[in-house]
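Undergrad: Let me begin by handing over the structure; questions about it come next.
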Amino acid sequence: FMRGLTKLLTFLLLRVEASGLENFPSHGPALIVFNHLGDADAVLMMGMLPLKSPAEGMGKIELYDHWLVGPVFRAYGIIWVHRGQPDRKALRAALEGLSEGRLITLAPEGRQSLIGGLEEGNAGAAFLALKSGVPIVPIGMTGTENSNIYGHLKRWRRAPVTLKVGKPFSLPE
């Protein structure tokens, strides 16, 4: 259901230019890392990526009680993260998912960008990649900033966005 809904929202609300989709793995395990610019990031990725099985996302615990996304994320099975501290429970859940061959998505910055671009990441993504030994699939998006998306929606226009999937790589031990 979520996959169909995000495909519909992507088609209706966004004008997408995608590249590198052939780099996306057909199955896990893999760690999917992306720059987090706005609310549309998850919708864009879920609507455009060639997922054969659902990817599990990591999300901030503050969204758990949000009136709209809280119920959706809880139903989807988000791995909830307490930001600003080492969250062993979230790390264990992500490592367990990777060991079971699943795709795990996260924004290494740990939040939406405050500057509208890539910021310094936290150590969580690197820790998961090193500990699990799985490949990292980098995804870069532009145009998903809230001001762009909601500004276009107010004018009944589709917002131009880009999604680029890089080649998977592994971190050296």
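Going by the structure tokens order, chains are called A, B, ..., each with residues numbered from 1, while ligands are numbered from 1 in the order shown.
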Residues of region 15-160 of chain A in alpha helix (DSSP H) according to DSSP, as a VMD selection string?

TA: chain A and resid 40 to 48 69 to 76 88 to 99 124 to 132 146 to 154

Undergrad: Please, could you write that set of residues out with C-alpha atoms as a CSV table (one decimal), in the first residue's frame?

TA:
chain,number,residue,atom,x,y,z
A,40,ALA,CA,9.5,14.8,0.5
A,41,ASP,CA,12.8,12.8,0.7
A,42,ALA,CA,11.2,9.5,1.9
A,43,VAL,CA,8.3,9.8,-0.5
A,44,LEU,CA,10.6,10.4,-3.5
A,45,MET,CA,12.9,7.5,-2.6
A,46,MET,CA,10.1,5.1,-1.9
A,47,GLY,CA,8.3,6.2,-5.1
A,48,MET,CA,11.3,6.0,-7.4
A,69,VAL,CA,3.4,10.7,10.0
A,70,GLY,CA,3.5,8.9,13.4
A,71,PRO,CA,0.7,6.4,12.5
A,72,VAL,CA,2.1,5.9,9.0
A,73,PHE,CA,5.7,5.3,10.2
A,74,ARG,CA,4.6,3.0,13.1
A,75,ALA,CA,2.5,0.9,10.6
A,76,TYR,CA,5.5,0.8,8.2
A,88,ARG,CA,22.0,1.0,21.2
A,89,LYS,CA,18.5,-0.4,20.7
A,90,ALA,CA,18.2,1.3,17.3
A,91,LEU,CA,21.7,0.2,16.3
A,92,ARG,CA,21.0,-3.4,17.3
A,93,ALA,CA,17.7,-3.3,15.3
A,94,ALA,CA,19.5,-2.0,12.2
A,95,LEU,CA,22.3,-4.5,12.5
A,96,GLU,CA,19.8,-7.3,12.9
A,97,GLY,CA,18.0,-6.2,9.8
A,98,LEU,CA,21.2,-6.0,7.8
A,99,SER,CA,22.2,-9.5,9.1
A,124,GLY,CA,26.2,5.9,13.0
A,125,ALA,CA,26.2,5.1,9.3
A,126,ALA,CA,29.9,4.3,9.3
A,127,PHE,CA,29.5,2.2,12.4
A,128,LEU,CA,26.7,0.2,10.9
A,129,ALA,CA,28.6,-0.3,7.6
A,130,LEU,CA,31.8,-1.4,9.4
A,131,LYS,CA,30.1,-3.6,11.9
A,132,SER,CA,27.9,-5.4,9.3
A,146,ASN,CA,10.2,22.1,2.1
A,147,SER,CA,10.2,25.7,0.7
A,148,ASN,CA,10.4,24.3,-2.9
A,149,ILE,CA,7.9,21.5,-2.5
A,150,TYR,CA,5.2,23.5,-0.6
A,151,GLY,CA,5.9,26.6,-2.7
A,152,HIS,CA,5.1,24.7,-5.9
A,153,LEU,CA,2.0,23.0,-4.2
A,154,LYS,CA,0.6,26.4,-3.4

Undergrad: I want to know what sits within 12 Å of region 133-135 of chain A, based on only C-alpha atoms, with residues of the same chain fewer than 6 positions away left out; could you give that as a PyMOL selection string?

TA: chain A and resi 23-25+27-33+94-95+97-104+125-127+166-173

Undergrad: How many Å lie between CA of Thr105 (chain A) and CA of Ile136 (chain A), rounded to one decimal?

TA: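 Going from CA of Thr105 (chain A) over to CA of Ile136 (chain A) covers 9.8 Å.
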
Undergrad: Pick from A:Leu9, A:Ala18, A:Ala55, A:Leu114: nearest to Ile79 (chain A), with only C-alpha atoms counted?

TA: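 Smallest distance to Ile79 (chain A) is found for A:Ala55.
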
Undergrad: Just the residues within 8 Å of Ala107 (chain A), please, counting only C-alpha atoms, with nothing from its chain fewer than 4 positions along; format it as a list in words.

TA: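 Returned residues: Val33, Phe34, Asn35, His36 and Arg111 of chain A.
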
Undergrad: Please save N, CA, C and O atoms of the selected residues as a compact mmCIF listing (two decimals), in the first residue's frame.

TA:
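Produced file result.txt, reproduced below:
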# COMPACT_ATOMS: atom_id res chain seq x y z
N VAL A 33 22.22 5.36 2.23
CA VAL A 33 22.44 6.65 2.89
C VAL A 33 22.04 7.77 1.94
O VAL A 33 22.30 7.71 0.75
N PHE A 34 21.38 8.79 2.48
CA PHE A 34 20.87 9.88 1.64
C PHE A 34 20.99 11.21 2.37
O PHE A 34 21.00 11.27 3.59
N ASN A 35 21.06 12.27 1.56
CA ASN A 35 21.03 13.61 2.14
C ASN A 35 19.57 13.94 2.42
O ASN A 35 18.68 13.67 1.62
N HIS A 36 19.32 14.53 3.58
CA HIS A 36 17.94 14.78 4.03
C HIS A 36 17.65 16.27 3.98
O HIS A 36 18.03 17.01 4.86
N ARG A 111 19.28 14.31 10.72
CA ARG A 111 18.16 15.25 10.70
C ARG A 111 18.08 15.91 9.34
O ARG A 111 18.98 15.74 8.52

Undergrad: Give the strand (DSSP E) residues of region 74-156 of chain A, as assigned by DSSP on the backbone, as a PyMOL selection string.

TA: chain A and resi 79-81+103-106+136-142

Undergrad: Would you save the residues of that selection, restricted to N, CA and C atoms, as a PDB file, in the first residue's frame?

TA:
ATOM      1  N   ILE A  79      12.507   2.094  12.335  1.00  0.00           N
ATOM      2  CA  ILE A  79      13.391   1.893  13.480  1.00  0.00           C
ATOM      3  C   ILE A  79      13.549   3.261  14.131  1.00  0.00           C
ATOM      4  N   TRP A  80      13.004   3.417  15.328  1.00  0.00           N
ATOM      5  CA  TRP A  80      13.010   4.716  16.003  1.00  0.00           C
ATOM      6  C   TRP A  80      14.361   4.988  16.656  1.00  0.00           C
ATOM      7  N   VAL A  81      14.861   6.208  16.474  1.00  0.00           N
ATOM      8  CA  VAL A  81      16.181   6.594  16.969  1.00  0.00           C
ATOM      9  C   VAL A  81      16.053   7.766  17.930  1.00  0.00           C
ATOM     10  N   LEU A 103      17.392  -4.113   3.499  1.00  0.00           N
ATOM     11  CA  LEU A 103      17.905  -2.785   3.182  1.00  0.00           C
ATOM     12  C   LEU A 103      17.541  -1.847   4.323  1.00  0.00           C
ATOM     13  N   ILE A 104      18.514  -1.076   4.793  1.00  0.00           N
ATOM     14  CA  ILE A 104      18.278  -0.100   5.864  1.00  0.00           C
ATOM     15  C   ILE A 104      18.627   1.284   5.312  1.00  0.00           C
ATOM     16  N   THR A 105      17.703   2.235   5.470  1.00  0.00           N
ATOM     17  CA  THR A 105      17.952   3.595   4.998  1.00  0.00           C
ATOM     18  C   THR A 105      18.126   4.542   6.176  1.00  0.00           C
ATOM     19  N   LEU A 106      19.040   5.489   6.007  1.00  0.00           N
ATOM     20  CA  LEU A 106      19.219   6.515   7.031  1.00  0.00           C
ATOM     21  C   LEU A 106      19.940   7.724   6.451  1.00  0.00           C
ATOM     22  N   ILE A 136      27.482   0.209   1.044  1.00  0.00           N
ATOM     23  CA  ILE A 136      26.767   1.473   1.227  1.00  0.00           C
ATOM     24  C   ILE A 136      26.316   1.947  -0.146  1.00  0.00           C
ATOM     25  N   VAL A 137      25.055   2.333  -0.252  1.00  0.00           N
ATOM     26  CA  VAL A 137      24.519   2.869  -1.501  1.00  0.00           C
ATOM     27  C   VAL A 137      24.196   4.338  -1.254  1.00  0.00           C
ATOM     28  N   PRO A 138      24.969   5.258  -1.860  1.00  0.00           N
ATOM     29  CA  PRO A 138      24.712   6.682  -1.637  1.00  0.00           C
ATOM     30  C   PRO A 138      23.614   7.211  -2.565  1.00  0.00           C
ATOM     31  N   ILE A 139      22.737   8.024  -2.005  1.00  0.00           N
ATOM     32  CA  ILE A 139      21.677   8.667  -2.781  1.00  0.00           C
ATOM     33  C   ILE A 139      21.718  10.155  -2.490  1.00  0.00           C
ATOM     34  N   GLY A 140      21.721  10.939  -3.554  1.00  0.00           N
ATOM     35  CA  GLY A 140      21.681  12.389  -3.426  1.00  0.00           C
ATOM     36  C   GLY A 140      20.407  12.919  -4.053  1.00  0.00           C
ATOM     37  N   MET A 141      19.759  13.830  -3.361  1.00  0.00           N
ATOM     38  CA  MET A 141      18.540  14.450  -3.869  1.00  0.00           C
ATOM     39  C   MET A 141      18.684  15.959  -3.830  1.00  0.00           C
ATOM     40  N   THR A 142      18.072  16.623  -4.792  1.00  0.00           N
ATOM     41  CA  THR A 142      17.981  18.074  -4.779  1.00  0.00           C
ATOM     42  C   THR A 142      16.537  18.462  -5.077  1.00  0.00           C
TER      43      THR A 142
END

Undergrad: By how many Å are CA of Glu119 (chain A) and CA of Gly38 (chain A) apart?

TA: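 For CA of Glu119 (chain A) relative to CA of Gly38 (chain A), the distance reads 13.6 Å.
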
Undergrad: Please, what distance in Å, to one decimal, runs between CA of Leu14 (chain A) and CA of Trp156 (chain A)?

TA: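 The value is 11.0 Å.
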
Undergrad: Which is closest to Gly110 (chain A) among A:Pro50, A:Pro86, A:Leu12, A:Leu68, if we use only C-alpha atoms?

TA: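 Looking only at the distances to Gly110 (chain A), the closest residue turns out to be A:Pro86.
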